[in-house]
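K.L.:
Let me give you the structure first, and then I'll get to my questions.
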Amino acid sequence: MTYLSKLSPGQRARVVGYSEDGPLVRRLTELGLIPGREVTYLRNAPLRDPLEIRVGASYLSLRHADASLVAVEIED
């Protein structure tokens, strides 16, 4: 298990859960980052913040700090 912020561009992973609970986690869940969902790390900005991911048919830009809350399991 690792965190979404630790992935490299092009890697796919499955959401396992969150490292904490609170309003931000609720918002990430509303955006589609629910346990069991596959995500693809697409790219990051030149200074590594924000990063872009694909969740289903949606594209999300997340701050690195927010992505570090999402626990994922890397898919092969």
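Scheme for the structure tokens: letters A, B, ... for chains in order shown; per-chain residue numbers from 1; ligand numbers from 1 in order shown.
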Show which residues sit within 12 Å of Gly22 in chain A, as a list in words. Count only C-alpha atoms, and ignore same-chain residues fewer than 5 positions away.

P.N.:
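Result of the neighbour search: Arg27, Leu28, Thr29, Asp66 and Leu69 of chain A.
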
K.L.:
Can you tell me, as a PyMOL selection string, what residues are no more than 9 Å from Ser19 in chain A when counting only C-alpha atoms, ignoring any on the same chain fewer than 2 positions away?

P.N.:
chain A and resi 3+17+21+68-71

K.L.:
Write a file of the just-selected residues containing N, CA and C atoms, as a CSV table (one decimal), in the first residue's frame.

P.N.:
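Contents of selection-v5.csv, as written:
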```csv
chain,number,residue,atom,x,y,z
A,3,TYR,N,0.5,5.8,-1.2
A,3,TYR,CA,-0.4,6.9,-1.3
A,3,TYR,C,-0.4,7.5,-2.7
A,17,GLY,N,-8.4,3.5,0.8
A,17,GLY,CA,-9.0,4.2,1.9
A,17,GLY,C,-8.3,5.6,2.1
A,21,ASP,N,-9.7,11.3,8.6
A,21,ASP,CA,-11.2,11.6,8.3
A,21,ASP,C,-11.4,13.1,8.5
A,68,SER,N,-1.9,13.0,-0.8
A,68,SER,CA,-1.2,12.2,0.2
A,68,SER,C,-2.1,11.6,1.2
A,69,LEU,N,-3.4,12.0,1.2
A,69,LEU,CA,-4.4,11.4,2.1
A,69,LEU,C,-5.0,10.1,1.6
A,70,VAL,N,-4.9,9.9,0.3
A,70,VAL,CA,-5.5,8.8,-0.4
A,70,VAL,C,-4.6,7.6,-0.5
A,71,ALA,N,-5.0,6.5,0.3
A,71,ALA,CA,-4.2,5.3,0.3
A,71,ALA,C,-4.6,4.5,-0.9
```

K.L.:
If we count only C-alpha atoms, what is near Tyr41 in chain A at a cut-off of 7 Å, once residues fewer than 6 positions away on the same chain are taken out, given as a count of residues only?

P.N.:
9

K.L.:
In Å, rounded to a single decimal, give me how far CA of Leu62 in chain A is from CA of Arg48 in chain A.

P.N.:
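That distance, rounded to one decimal, is 10.6 Å.
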
K.L.:
Let me make sure I understand: among A:Leu31, A:Val39, A:Ala67, A:Val55, which one has the smallest atom-to-atom distance to Tyr18 in chain A if we use only C-alpha atoms?

P.N.:
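Closest to Tyr18 in chain A, using only C-alpha atoms: A:Ala67.
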
K.L.:
Could you please write out, as a ChimeraX atom specification, every residue of chain A that DSSP assigns to strand (DSSP E or B)?

P.N.:
/A:2-3,12-18,38-44,51-55,58-62,70-74

K.L.:
From chain A, collect each residue whose DSSP state is helix (DSSP H, G or I) and return the set as a list in words.

P.N.:
Leu4, Ser5, Lys6, Pro23, Leu24, Val25, Arg26, Arg27, Leu28, Thr29, Glu30, His64, Ala65, Asp66 and Ala67 of chain A
